[in-house]
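**Student:** As input, take entry-v2.cif (mmCIF, C-alpha atoms):
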```cif
data_structure
loop_
_atom_site.group_PDB
_atom_site.id
_atom_site.type_symbol
_atom_site.label_atom_id
_atom_site.label_comp_id
_atom_site.auth_asym_id
_atom_site.auth_seq_id
_atom_site.Cartn_x
_atom_site.Cartn_y
_atom_site.Cartn_z
ATOM 1 C CA MET A 118 0.000 0.000 0.000
ATOM 2 C CA LYS A 119 2.918 2.327 0.709
ATOM 3 C CA ARG A 120 4.162 1.932 -2.859
ATOM 4 C CA LEU A 121 0.673 2.558 -4.255
ATOM 5 C CA PHE A 122 0.398 5.680 -2.126
ATOM 6 C CA VAL A 123 3.718 6.920 -3.485
ATOM 7 C CA TYR A 124 2.578 6.376 -7.069
ATOM 8 C CA ILE A 125 -0.552 8.423 -6.404
ATOM 9 C CA ILE A 126 1.734 11.183 -5.116
ATOM 10 C CA CYS A 127 3.671 10.913 -8.353
ATOM 11 C CA VAL A 128 0.537 11.466 -10.432
ATOM 12 C CA THR A 129 -0.066 14.611 -8.389
ATOM 13 C CA CYS A 130 3.543 15.649 -8.988
ATOM 14 C CA ALA A 131 3.047 15.090 -12.701
ATOM 15 C CA LEU A 132 0.049 17.429 -12.643
ATOM 16 C CA THR A 133 2.115 20.022 -10.793
ATOM 17 C CA LEU A 134 4.841 19.771 -13.427
ATOM 18 C CA VAL A 135 2.267 20.193 -16.180
ATOM 19 C CA SER A 136 0.785 23.271 -14.508
ATOM 20 C CA CYS A 137 4.259 24.755 -14.025
ATOM 21 C CA GLY A 138 5.398 23.912 -17.529
ATOM 22 C CA GLY A 139 7.987 21.475 -16.164
ATOM 23 C CA LYS A 140 9.809 24.251 -14.316
ATOM 24 C CA GLY A 141 12.069 22.959 -11.608
ATOM 25 C CA SER A 142 12.010 19.315 -12.748
ATOM 26 C CA LYS A 143 15.269 17.397 -12.718
ATOM 27 C CA LYS A 144 16.678 15.966 -15.949
ATOM 28 C CA SER A 145 17.369 12.665 -14.183
ATOM 29 C CA GLU A 146 13.634 12.299 -13.523
ATOM 30 C CA ALA A 147 12.523 12.745 -17.135
ATOM 31 C CA SER A 148 13.023 10.707 -20.276
ATOM 32 C CA ASN A 149 14.188 12.163 -23.592
ATOM 33 C CA ASP A 150 10.598 12.828 -24.653
ATOM 34 C CA GLY A 151 10.050 14.998 -21.594
ATOM 35 C CA LYS A 152 7.868 12.535 -19.638
ATOM 36 C CA VAL A 153 8.487 12.156 -15.935
ATOM 37 C CA ASP A 154 10.164 8.942 -14.799
ATOM 38 C CA ILE A 155 7.547 8.072 -12.162
ATOM 39 C CA GLU A 156 9.515 5.084 -10.854
ATOM 40 C CA LYS A 157 12.532 7.271 -10.131
ATOM 41 C CA VAL A 158 10.471 10.037 -8.559
ATOM 42 C CA ALA A 159 8.790 7.447 -6.309
ATOM 43 C CA LYS A 160 12.143 6.186 -5.061
ATOM 44 C CA ASN A 161 13.342 9.729 -4.393
ATOM 45 C CA LEU A 162 10.164 10.509 -2.452
ATOM 46 C CA GLU A 163 10.582 7.403 -0.322
ATOM 47 C CA LYS A 164 14.154 8.399 0.546
ATOM 48 C CA GLU A 165 13.181 11.928 1.528
ATOM 49 C CA ALA A 166 10.096 10.936 3.527
ATOM 50 C CA PHE A 167 9.987 11.129 7.319
ATOM 51 C CA GLU A 168 10.384 7.617 8.722
ATOM 52 C CA GLY A 169 9.033 8.214 12.227
ATOM 53 C CA GLU A 170 5.476 8.209 13.566
ATOM 54 C CA LYS A 171 3.288 10.500 11.458
ATOM 55 C CA TYR A 172 1.152 11.438 14.477
ATOM 56 C CA SER A 173 4.006 13.051 16.364
ATOM 57 C CA LYS A 174 5.493 16.428 17.158
ATOM 58 C CA GLU A 175 8.653 15.382 15.317
ATOM 59 C CA ALA A 176 6.677 14.699 12.131
ATOM 60 C CA ALA A 177 4.921 18.077 12.339
ATOM 61 C CA GLU A 178 8.240 19.858 12.925
ATOM 62 C CA PHE A 179 9.848 18.010 10.014
ATOM 63 C CA TYR A 180 7.129 18.721 7.478
ATOM 64 C CA PHE A 181 6.313 22.313 8.442
ATOM 65 C CA LYS A 182 10.005 22.997 7.895
ATOM 66 C CA LYS A 183 10.411 20.856 4.776
ATOM 67 C CA ASN A 184 7.202 21.875 3.004
ATOM 68 C CA GLU A 185 6.800 25.508 4.030
ATOM 69 C CA GLY A 186 10.155 26.475 5.536
ATOM 70 C CA ILE A 187 8.429 27.359 8.824
ATOM 71 C CA LYS A 188 9.400 26.349 12.353
ATOM 72 C CA LEU A 189 6.744 24.703 14.494
ATOM 73 C CA SER A 190 7.850 26.864 17.415
ATOM 74 C CA ASP A 191 6.935 29.998 15.426
ATOM 75 C CA LEU A 192 3.335 28.757 15.217
ATOM 76 C CA ALA A 193 2.991 27.848 18.891
ATOM 77 C CA PRO A 194 1.291 30.102 21.478
ATOM 78 C CA GLU A 195 2.680 31.374 24.766
ATOM 79 C CA TYR A 196 0.322 29.343 26.962
ATOM 80 C CA LYS A 197 1.105 25.860 28.299
ATOM 81 C CA LEU A 198 -0.154 23.168 25.953
ATOM 82 C CA ASN A 199 -2.292 20.097 26.449
ATOM 83 C CA GLU A 200 -0.532 17.516 24.254
ATOM 84 C CA THR A 201 -2.144 14.362 25.636
ATOM 85 C CA SER A 202 -4.054 13.410 22.474
ATOM 86 C CA LYS A 203 -2.410 11.149 19.908
ATOM 87 C CA TYR A 204 -3.755 13.501 17.242
ATOM 88 C CA THR A 205 -2.173 16.680 18.609
ATOM 89 C CA TYR A 206 0.381 16.713 15.780
ATOM 90 C CA TYR A 207 0.623 15.243 12.304
ATOM 91 C CA GLY A 208 2.947 15.488 9.332
ATOM 92 C CA ASP A 209 3.429 13.926 5.905
ATOM 93 C CA GLU A 210 4.479 14.902 2.377
ATOM 94 C CA HIS A 211 1.104 16.529 1.763
ATOM 95 C CA ASP A 212 0.435 18.512 4.914
ATOM 96 C CA ALA A 213 1.420 19.317 8.474
ATOM 97 C CA LEU A 214 -0.937 19.900 11.389
ATOM 98 C CA ALA A 215 -0.564 21.151 14.956
ATOM 99 C CA ASN A 216 -3.323 21.478 17.554
ATOM 100 C CA PHE A 217 -2.459 24.018 20.244
ATOM 101 C CA LYS A 218 -4.929 23.100 22.952
ATOM 102 C CA ILE A 219 -5.070 24.771 26.381
ATOM 103 C CA GLN A 220 -4.636 22.886 29.639
ATOM 104 C CA ASP A 221 -7.767 21.718 31.447
ATOM 105 C CA GLY A 222 -9.096 24.575 33.544
ATOM 106 C CA ASP A 223 -7.452 27.293 31.453
ATOM 107 C CA THR A 224 -9.369 29.678 29.205
ATOM 108 C CA TYR A 225 -8.973 30.730 25.594
ATOM 109 C CA THR A 226 -10.754 33.810 24.294
ATOM 110 C CA LYS A 227 -11.812 35.169 20.930
ATOM 111 C CA GLU A 228 -9.347 38.017 21.418
ATOM 112 C CA GLN A 229 -6.489 35.573 21.989
ATOM 113 C CA HIS A 230 -7.531 33.638 18.908
ATOM 114 C CA ILE A 231 -7.500 36.703 16.675
ATOM 115 C CA GLU A 232 -4.063 37.675 17.989
ATOM 116 C CA ASN A 233 -2.778 34.183 17.139
ATOM 117 C CA VAL A 234 -4.242 34.552 13.638
ATOM 118 C CA ARG A 235 -2.399 37.855 13.262
ATOM 119 C CA ARG A 236 0.867 36.299 14.433
ATOM 120 C CA ILE A 237 0.649 33.283 12.125
ATOM 121 C CA TYR A 238 -0.362 35.521 9.210
ATOM 122 C CA ALA A 239 2.913 37.396 9.811
ATOM 123 C CA VAL A 240 4.873 34.115 9.911
ATOM 124 C CA THR A 241 3.620 32.939 6.502
ATOM 125 C CA LYS A 242 4.005 36.432 5.073
ATOM 126 C CA LYS A 243 7.666 36.382 6.068
ATOM 127 C CA ALA A 244 8.134 32.905 4.576
ATOM 128 C CA ALA A 245 6.456 33.829 1.273
ATOM 129 C CA ASP A 246 8.589 34.326 -1.845
ATOM 130 C CA ASN A 247 7.072 37.731 -2.526
ATOM 131 C CA GLY A 248 6.441 38.777 1.075
ATOM 132 C CA ILE A 249 2.641 38.690 0.922
ATOM 133 C CA ASN A 250 -0.246 36.343 1.704
ATOM 134 C CA VAL A 251 -2.703 35.863 -1.152
ATOM 135 C CA TYR A 252 -6.242 34.595 -1.737
ATOM 136 C CA GLY A 253 -5.289 31.437 -3.634
ATOM 137 C CA PHE A 254 -7.449 29.466 -6.047
ATOM 138 C CA GLU A 255 -9.504 28.123 -3.146
ATOM 139 C CA ASP A 256 -10.987 31.623 -2.857
ATOM 140 C CA LYS A 257 -10.690 33.026 -6.387
ATOM 141 C CA SER A 258 -10.974 31.481 -9.864
ATOM 142 C CA ASP A 259 -9.272 34.296 -11.765
ATOM 143 C CA LYS A 260 -5.466 34.054 -11.667
ATOM 144 C CA ASP A 261 -4.842 37.740 -10.988
ATOM 145 C CA GLU A 262 -7.360 37.717 -8.151
ATOM 146 C CA ALA A 263 -5.960 34.456 -6.739
ATOM 147 C CA TYR A 264 -2.462 35.986 -6.579
ATOM 148 C CA ALA A 265 -3.683 39.267 -5.097
ATOM 149 C CA GLU A 266 -2.845 40.037 -1.466
ATOM 150 C CA LYS A 267 -5.461 38.915 1.054
ATOM 151 C CA ASP A 268 -5.867 41.744 3.529
ATOM 152 C CA LEU A 269 -5.600 40.610 7.146
ATOM 153 C CA GLU A 270 -7.912 43.211 8.653
ATOM 154 C CA GLN A 271 -10.638 42.559 6.095
ATOM 155 C CA MET A 272 -10.363 38.803 6.672
ATOM 156 C CA ILE A 273 -10.729 39.312 10.424
ATOM 157 C CA LYS A 274 -13.713 41.588 9.856
ATOM 158 C CA ASP A 275 -15.359 39.090 7.493
ATOM 159 C CA ASN A 276 -14.941 36.300 10.062
ATOM 160 C CA ASN A 277 -15.880 38.312 13.127
ATOM 161 C CA GLY A 278 -19.123 36.429 13.690
ATOM 162 C CA THR A 279 -22.400 37.793 15.017
ATOM 163 C CA THR A 280 -24.698 37.742 18.045
ATOM 164 C CA ILE A 281 -28.191 36.255 17.865
ATOM 165 C CA LEU A 282 -30.524 36.566 20.867
ATOM 166 C CA GLY A 283 -27.555 37.304 23.059
ATOM 167 C CA ILE A 284 -25.638 34.240 21.872
ATOM 168 C CA GLU A 285 -22.332 34.788 20.073
ATOM 169 C CA ILE A 286 -21.963 32.905 16.803
ATOM 170 C CA TYR A 287 -18.256 32.784 16.022
ATOM 171 C CA VAL A 288 -16.664 30.034 13.950
ATOM 172 C CA GLY A 289 -13.118 31.374 14.113
ATOM 173 C CA ASN A 290 -11.734 29.721 10.971
ATOM 174 C CA TYR A 291 -9.285 31.670 8.789
ATOM 175 C CA SER A 292 -7.548 30.615 5.564
ATOM 176 C CA TRP A 293 -5.133 32.141 3.082
ATOM 177 C CA SER A 294 -2.401 31.130 0.639
ATOM 178 C CA PHE A 295 1.232 32.086 0.109
ATOM 179 C CA LEU A 296 3.922 31.390 -2.458
ATOM 180 C CA LYS A 297 6.823 29.205 -1.344
ATOM 181 C CA ASP A 298 9.463 28.173 -3.889
ATOM 182 C CA GLY A 299 7.070 29.172 -6.653
ATOM 183 C CA VAL A 300 4.255 26.946 -5.347
ATOM 184 C CA LEU A 301 1.031 28.070 -3.676
ATOM 185 C CA HIS A 302 0.683 26.774 -0.127
ATOM 186 C CA ARG A 303 -2.444 26.976 1.991
ATOM 187 C CA CYS A 304 -2.652 27.924 5.661
ATOM 188 C CA ASP A 305 -5.741 27.150 7.773
ATOM 189 C CA VAL A 306 -6.028 28.510 11.309
ATOM 190 C CA ASP A 307 -9.107 27.063 13.007
ATOM 191 C CA LEU A 308 -10.646 27.567 16.420
ATOM 192 C CA LEU A 309 -10.724 24.426 18.566
ATOM 193 C CA GLU A 310 -14.015 24.267 20.412
ATOM 194 C CA LYS A 311 -16.122 21.736 22.329
ATOM 195 C CA ASN A 312 -19.561 22.309 23.845
ATOM 196 C CA ASP A 313 -19.257 26.059 23.135
ATOM 197 C CA THR A 314 -15.983 26.193 25.086
ATOM 198 C CA LYS A 315 -12.944 27.549 23.240
ATOM 199 C CA LEU A 316 -9.997 25.176 23.658
ATOM 200 C CA GLY A 317 -7.271 26.746 21.521
ATOM 201 C CA TYR A 318 -6.474 26.638 17.823
ATOM 202 C CA SER A 319 -5.070 24.426 15.090
ATOM 203 C CA VAL A 320 -2.727 25.257 12.219
ATOM 204 C CA LYS A 321 -2.663 23.207 9.044
ATOM 205 C CA MET A 322 -0.480 23.882 6.005
ATOM 206 C CA TYR A 323 -0.422 22.087 2.682
ATOM 207 C CA LYS A 324 0.088 22.635 -1.029
ATOM 208 C CA GLY A 325 -2.997 24.393 -2.328
ATOM 209 C CA LEU A 326 -4.582 24.517 -5.760
ATOM 210 C CA GLN A 327 -2.143 25.745 -8.398
ATOM 211 C CA LYS A 328 -4.934 26.467 -10.868
ATOM 212 C CA SER A 329 -8.659 27.007 -10.687
ATOM 213 C CA PHE A 330 -10.668 23.930 -9.703
ATOM 214 C CA ASP A 331 -12.003 23.480 -13.252
ATOM 215 C CA GLU A 332 -8.509 23.663 -14.769
ATOM 216 C CA THR A 333 -7.135 21.269 -12.153
ATOM 217 C CA MET A 334 -9.828 18.675 -12.890
ATOM 218 C CA LYS A 335 -9.192 19.007 -16.622
ATOM 219 C CA ASP A 336 -5.452 18.416 -16.098
ATOM 220 C CA ALA A 337 -6.199 15.411 -13.884
ATOM 221 C CA GLU A 338 -8.399 13.847 -16.553
ATOM 222 C CA GLU A 339 -5.721 14.405 -19.202
ATOM 223 C CA ALA A 340 -2.976 12.968 -16.980
ATOM 224 C CA LEU A 341 -4.994 9.855 -16.131
ATOM 225 C CA SER A 342 -5.708 9.275 -19.823
ATOM 226 C CA ASP A 343 -1.971 9.303 -20.608
ATOM 227 C CA PRO A 344 -0.915 5.734 -21.601
ATOM 228 C CA GLU A 345 2.343 6.063 -19.643
ATOM 229 C CA VAL A 346 0.527 7.079 -16.451
ATOM 230 C CA GLN A 347 -1.978 4.245 -16.915
ATOM 231 C CA LYS A 348 0.904 1.823 -17.360
ATOM 232 C CA GLN A 349 2.609 2.957 -14.159
ATOM 233 C CA LEU A 350 -0.647 2.874 -12.166
ATOM 234 C CA GLU A 351 -1.365 -0.639 -13.403
ATOM 235 C CA LYS A 352 2.122 -1.696 -12.317
ATOM 236 C CA ALA A 353 1.600 -0.041 -8.909
ATOM 237 C CA LEU A 354 -1.633 -1.976 -8.393
ATOM 238 C CA LYS A 355 0.110 -5.236 -9.262
ATOM 239 C CA ASP A 356 2.972 -4.427 -6.863
ATOM 240 C CA ALA A 357 0.493 -3.597 -4.096
ATOM 241 C CA ALA A 358 -1.256 -6.937 -4.598
ATOM 242 C CA LYS A 359 1.983 -8.913 -4.066
#
```
Give the structure from this file in structure tokens form.

**Tutor:**
Amino acid sequence: MKRLFVYIICVTCALTLVSCGGKGSKKSEASNDGKVDIEKVAKNLEKEAFEGEKYSKEAAEFYFKKNEGIKLSDLAPEYKLNETSKYTYYGDEHDALANFKIQDGDTYTKEQHIENVRRIYAVTKKAADNGINVYGFEDKSDKDEAYAEKDLEQMIKDNNGTTILGIEIYVGNYSWSFLKDGVLHRCDVDLLEKNDTKLGYSVKMYKGLQKSFDETMKDAEEALSDPEVQKQLEKALKDAAK
């Protein structure tokens, strides 16, 4: 199953190369006709992958740094953390996740949450190639709009919530994108809450859409119809069955 998973990653990589016009691909990973050597890419991915427990602080540290060039410590809050859950941290080639939950008996407020959003927004802005956070194709279909800066204050205002019959309705989820090594990455900062009690926040980062959803689906269909890709996928399925 691990090998099959790696081949699926390779199909995704192939789509990324298509969308980027092959920019950044290594000659050793392509044949003379320009097609990606999926077998070789798979082996390289396996060598570079984190070999420890994926649900661990070490995995989150490794992949936040490897994928986005960001330190886990820069995302963490000042308060003492509750790290008792197995699912507090996670990291793999696709994404990295950290849940910054308060200790039992402590409190976490909306004001604290917004300040953490501001701080993490500044972290990704600093890590970005062009020094800005953008909307991304998750928010905008037009390329110019997707690459336009996403204003922090407007985002906070748009997600400020409301009060109905004296009850505050506040979801506390914020998302934006940023360019890292020429690739759009997505950052989600979500409020952790249980039974209307705020428990802290989570940060998840991953490679976002590089094109509009419609264009991405079209590229996926074209890639999967490629005889070479079909051949490699068929081989992967046979290997997985052994």

**Student:** So which residues touch Tyr238 of chain A within 10 Å, counting all atoms listed in the file, skipping near sequence neighbours fewer than 4 positions away, as a PyMOL selection string?

**Tutor:** chain A and resi 192+232-234+242-243+249-250+269+291-295+304+306

**Student:** Written as a ChimeraX atom specification, what is the full residue list that the PyMOL selection byres ((chain A and resi 326-338) around 6) yields on the file shown?

**Tutor:** /A:254,258,325,339-341

**Student:** Kindly save the residues from that selection, with C-alpha atoms included, as a PDB file, in the coordinates of the input.

**Tutor:**
```
ATOM      1  CA  PHE A 254      -7.449  29.466  -6.047  1.00  0.00           C
ATOM      2  CA  SER A 258     -10.974  31.481  -9.864  1.00  0.00           C
ATOM      3  CA  GLY A 325      -2.997  24.393  -2.328  1.00  0.00           C
ATOM      4  CA  GLU A 339      -5.721  14.405 -19.202  1.00  0.00           C
ATOM      5  CA  ALA A 340      -2.976  12.968 -16.980  1.00  0.00           C
ATOM      6  CA  LEU A 341      -4.994   9.855 -16.131  1.00  0.00           C
TER       7      LEU A 341
END
```

**Student:** Go through A:Asp356, A:Leu308, A:Val346, A:Val251 and flag the residue nearest Thr226 of chain A, using all atoms listed in the file for the distances.

**Tutor:**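 Answer, going by the shortest atom-to-atom distance: A:Leu308.
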
**Student:** Mind listing whatever residues come within 7 Å of the point (-0.7, 20.5, 23.6)? Use all atoms listed in the file, file coordinates, and give them as a PyMOL selection string.

**Tutor:** chain A and resi 198-201+205+216-219

**Student:** So, with all atoms listed in the file as the atoms that count, which of A:Leu214, A:Tyr252, A:Asp223, A:Asp261 lies closest to Ser319 of chain A?

**Tutor:**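 The closest residue to Ser319 of chain A is A:Leu214.
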
**Student:** Suppose you want the space between atom CA of Glu210 of chain A and atom CA of Asn184 of chain A; what is it in Å?

**Tutor:**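 Value for the atom CA of Glu210 of chain A-atom CA of Asn184 of chain A distance: 7.5 Å.
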
**Student:** Quick one: of A:Glu195, A:Glu185, A:Asp275, A:Asp209, who's nearest to Glu168 of chain A, counting all atoms listed in the file?

**Tutor:**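 Closest to Glu168 of chain A of all the choices is A:Asp209.
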
**Student:** I'd like to know which of A:Ala245, A:Leu282, A:Val288, A:Ala263 is closest to Gly186 of chain A, using only C-alpha atoms.

**Tutor:**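 Using only C-alpha atoms, Gly186 of chain A sits closest to A:Ala245.
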
**Student:** Counting all atoms listed in the file, figure out which residue out of A:Glu228, A:Gly317, A:Ala177, A:Asn312 gets nearest to Lys197 of chain A.

**Tutor:**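 Going through A:Glu228, A:Gly317, A:Ala177, A:Asn312 one by one, the smallest distance to Lys197 of chain A is for A:Gly317.
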
**Student:** Work out how far apart atom CA of Tyr206 of chain A and atom CA of Gly278 of chain A are and give it in Å to one decimal.

**Tutor:**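 Between these atoms lies a distance of 27.8 Å.
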
**Student:** The PyMOL selection byres ((chain A and resi 207) around 7) - which residues does that actually catch in the file I just gave you? List them as a compact mmCIF listing (two decimals) with C-alpha atoms, in the coordinates of the input.

**Tutor:**
```
# COMPACT_ATOMS: atom_id res chain seq x y z
CA LYS A 171 3.29 10.50 11.46
CA TYR A 172 1.15 11.44 14.48
CA SER A 173 4.01 13.05 16.36
CA LYS A 174 5.49 16.43 17.16
CA ALA A 176 6.68 14.70 12.13
CA ALA A 177 4.92 18.08 12.34
CA TYR A 204 -3.76 13.50 17.24
CA TYR A 206 0.38 16.71 15.78
CA GLY A 208 2.95 15.49 9.33
CA ALA A 213 1.42 19.32 8.47
CA LEU A 214 -0.94 19.90 11.39
CA ALA A 215 -0.56 21.15 14.96
```

**Student:** What is the atom CA of Tyr318 of chain A to atom CA of Asn277 of chain A distance in Å?

**Tutor:**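 Atom CA of Asn277 of chain A lies at a distance of 15.7 Å from atom CA of Tyr318 of chain A.
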
**Student:** Pull out every residue that the PyMOL selection byres ((chain A and resi 287) around 12) matches in the shown coordinates and put them as a list in words.

**Tutor:**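 Expected selection for the PyMOL selection byres ((chain A and resi 287) around 12) here is Thr226, Lys227, Glu228, His230, Ile231, Ile273, Lys274, Asp275, Asn276, Asn277, Gly278, Thr279, Thr280, Ile281, Ile284, Glu285, Ile286, Val288, Gly289, Asn290, Tyr291, Asp307, Leu308, Leu309, Glu310, Asp313, Thr314 and Lys315 of chain A.
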
**Student:** Could the residues in this selection be saved with C-alpha atoms as a short mmCIF file (atom, residue, chain, number, x, y, z; two decimals), keeping the file's coordinate frame?

**Tutor:**
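Result file follows (result-v9.cif):
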```cif
data_model
loop_
_atom_site.label_atom_id
_atom_site.label_comp_id
_atom_site.auth_asym_id
_atom_site.auth_seq_id
_atom_site.Cartn_x
_atom_site.Cartn_y
_atom_site.Cartn_z
CA THR A 226 -10.75 33.81 24.29
CA LYS A 227 -11.81 35.17 20.93
CA GLU A 228 -9.35 38.02 21.42
CA HIS A 230 -7.53 33.64 18.91
CA ILE A 231 -7.50 36.70 16.68
CA ILE A 273 -10.73 39.31 10.42
CA LYS A 274 -13.71 41.59 9.86
CA ASP A 275 -15.36 39.09 7.49
CA ASN A 276 -14.94 36.30 10.06
CA ASN A 277 -15.88 38.31 13.13
CA GLY A 278 -19.12 36.43 13.69
CA THR A 279 -22.40 37.79 15.02
CA THR A 280 -24.70 37.74 18.05
CA ILE A 281 -28.19 36.26 17.86
CA ILE A 284 -25.64 34.24 21.87
CA GLU A 285 -22.33 34.79 20.07
CA ILE A 286 -21.96 32.90 16.80
CA VAL A 288 -16.66 30.03 13.95
CA GLY A 289 -13.12 31.37 14.11
CA ASN A 290 -11.73 29.72 10.97
CA TYR A 291 -9.28 31.67 8.79
CA ASP A 307 -9.11 27.06 13.01
CA LEU A 308 -10.65 27.57 16.42
CA LEU A 309 -10.72 24.43 18.57
CA GLU A 310 -14.02 24.27 20.41
CA ASP A 313 -19.26 26.06 23.14
CA THR A 314 -15.98 26.19 25.09
CA LYS A 315 -12.94 27.55 23.24
#
```

**Student:** From the set A:Gln220, A:Asp246, A:Gly299, A:Glu262, which residue has the shortest atom-to-atom contact distance to Tyr196 of chain A, counting all atoms listed in the file?

**Tutor:**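 Residue with the minimum atom-to-atom distance to Tyr196 of chain A: A:Gln220.
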
**Student:** Would you mind writing segment 199-206 of chain A with all heavy atoms, as a PDB file, in the frame of the given file?

**Tutor:**
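Final file, rebuild_22.pdb:
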```
ATOM      1  N   ASN A 199      -1.773  21.426  26.124  1.00  0.00           N
ATOM      2  CA  ASN A 199      -2.292  20.097  26.449  1.00  0.00           C
ATOM      3  C   ASN A 199      -1.974  19.216  25.243  1.00  0.00           C
ATOM      4  O   ASN A 199      -2.616  19.321  24.197  1.00  0.00           O
ATOM      5  CB  ASN A 199      -3.799  20.166  26.688  1.00  0.00           C
ATOM      6  CG  ASN A 199      -4.401  18.807  27.021  1.00  0.00           C
ATOM      7  OD1 ASN A 199      -3.809  17.768  26.775  1.00  0.00           O
ATOM      8  ND2 ASN A 199      -5.603  18.823  27.589  1.00  0.00           N
ATOM      9  N   GLU A 200      -0.990  18.336  25.374  1.00  0.00           N
ATOM     10  CA  GLU A 200      -0.532  17.516  24.254  1.00  0.00           C
ATOM     11  C   GLU A 200      -0.805  16.035  24.502  1.00  0.00           C
ATOM     12  O   GLU A 200      -0.083  15.167  24.016  1.00  0.00           O
ATOM     13  CB  GLU A 200       0.964  17.733  24.027  1.00  0.00           C
ATOM     14  CG  GLU A 200       1.326  19.181  23.727  1.00  0.00           C
ATOM     15  CD  GLU A 200       2.825  19.417  23.615  1.00  0.00           C
ATOM     16  OE1 GLU A 200       3.542  19.080  24.577  1.00  0.00           O
ATOM     17  OE2 GLU A 200       3.260  19.937  22.571  1.00  0.00           O
ATOM     18  N   THR A 201      -1.862  15.739  25.242  1.00  0.00           N
ATOM     19  CA  THR A 201      -2.144  14.362  25.636  1.00  0.00           C
ATOM     20  C   THR A 201      -2.749  13.518  24.514  1.00  0.00           C
ATOM     21  O   THR A 201      -2.633  12.296  24.523  1.00  0.00           O
ATOM     22  CB  THR A 201      -3.081  14.323  26.855  1.00  0.00           C
ATOM     23  OG1 THR A 201      -4.283  15.059  26.532  1.00  0.00           O
ATOM     24  CG2 THR A 201      -2.415  14.967  28.064  1.00  0.00           C
ATOM     25  N   SER A 202      -3.416  14.163  23.552  1.00  0.00           N
ATOM     26  CA  SER A 202      -4.054  13.410  22.474  1.00  0.00           C
ATOM     27  C   SER A 202      -3.032  12.911  21.454  1.00  0.00           C
ATOM     28  O   SER A 202      -2.074  13.608  21.120  1.00  0.00           O
ATOM     29  CB  SER A 202      -5.088  14.281  21.762  1.00  0.00           C
ATOM     30  OG  SER A 202      -5.595  13.626  20.608  1.00  0.00           O
ATOM     31  N   LYS A 203      -3.264  11.712  20.960  1.00  0.00           N
ATOM     32  CA  LYS A 203      -2.410  11.149  19.908  1.00  0.00           C
ATOM     33  C   LYS A 203      -2.447  12.028  18.662  1.00  0.00           C
ATOM     34  O   LYS A 203      -1.486  12.073  17.883  1.00  0.00           O
ATOM     35  CB  LYS A 203      -2.878   9.738  19.554  1.00  0.00           C
ATOM     36  CG  LYS A 203      -2.183   9.143  18.334  1.00  0.00           C
ATOM     37  CD  LYS A 203      -2.775   7.809  17.939  1.00  0.00           C
ATOM     38  CE  LYS A 203      -2.122   7.281  16.662  1.00  0.00           C
ATOM     39  NZ  LYS A 203      -2.712   5.996  16.231  1.00  0.00           N
ATOM     40  N   TYR A 204      -3.553  12.731  18.466  1.00  0.00           N
ATOM     41  CA  TYR A 204      -3.755  13.501  17.242  1.00  0.00           C
ATOM     42  C   TYR A 204      -3.400  14.977  17.396  1.00  0.00           C
ATOM     43  O   TYR A 204      -3.833  15.811  16.598  1.00  0.00           O
ATOM     44  CB  TYR A 204      -5.205  13.346  16.783  1.00  0.00           C
ATOM     45  CG  TYR A 204      -5.616  11.902  16.644  1.00  0.00           C
ATOM     46  CD1 TYR A 204      -6.456  11.308  17.582  1.00  0.00           C
ATOM     47  CD2 TYR A 204      -5.131  11.120  15.596  1.00  0.00           C
ATOM     48  CE1 TYR A 204      -6.816   9.965  17.466  1.00  0.00           C
ATOM     49  CE2 TYR A 204      -5.471   9.791  15.475  1.00  0.00           C
ATOM     50  CZ  TYR A 204      -6.319   9.214  16.414  1.00  0.00           C
ATOM     51  OH  TYR A 204      -6.662   7.897  16.304  1.00  0.00           O
ATOM     52  N   THR A 205      -2.592  15.292  18.399  1.00  0.00           N
ATOM     53  CA  THR A 205      -2.173  16.680  18.609  1.00  0.00           C
ATOM     54  C   THR A 205      -1.361  17.193  17.430  1.00  0.00           C
ATOM     55  O   THR A 205      -1.521  18.331  17.000  1.00  0.00           O
ATOM     56  CB  THR A 205      -1.349  16.808  19.904  1.00  0.00           C
ATOM     57  OG1 THR A 205      -2.160  16.425  21.011  1.00  0.00           O
ATOM     58  CG2 THR A 205      -0.861  18.232  20.109  1.00  0.00           C
ATOM     59  N   TYR A 206      -0.490  16.327  16.898  1.00  0.00           N
ATOM     60  CA  TYR A 206       0.381  16.713  15.780  1.00  0.00           C
ATOM     61  C   TYR A 206       0.292  15.686  14.660  1.00  0.00           C
ATOM     62  O   TYR A 206      -0.001  14.505  14.888  1.00  0.00           O
ATOM     63  CB  TYR A 206       1.838  16.807  16.242  1.00  0.00           C
ATOM     64  CG  TYR A 206       2.086  17.816  17.334  1.00  0.00           C
ATOM     65  CD1 TYR A 206       2.283  17.408  18.659  1.00  0.00           C
ATOM     66  CD2 TYR A 206       2.131  19.179  17.057  1.00  0.00           C
ATOM     67  CE1 TYR A 206       2.516  18.340  19.663  1.00  0.00           C
ATOM     68  CE2 TYR A 206       2.363  20.111  18.054  1.00  0.00           C
ATOM     69  CZ  TYR A 206       2.557  19.685  19.357  1.00  0.00           C
ATOM     70  OH  TYR A 206       2.772  20.599  20.347  1.00  0.00           O
TER      71      TYR A 206
END
```
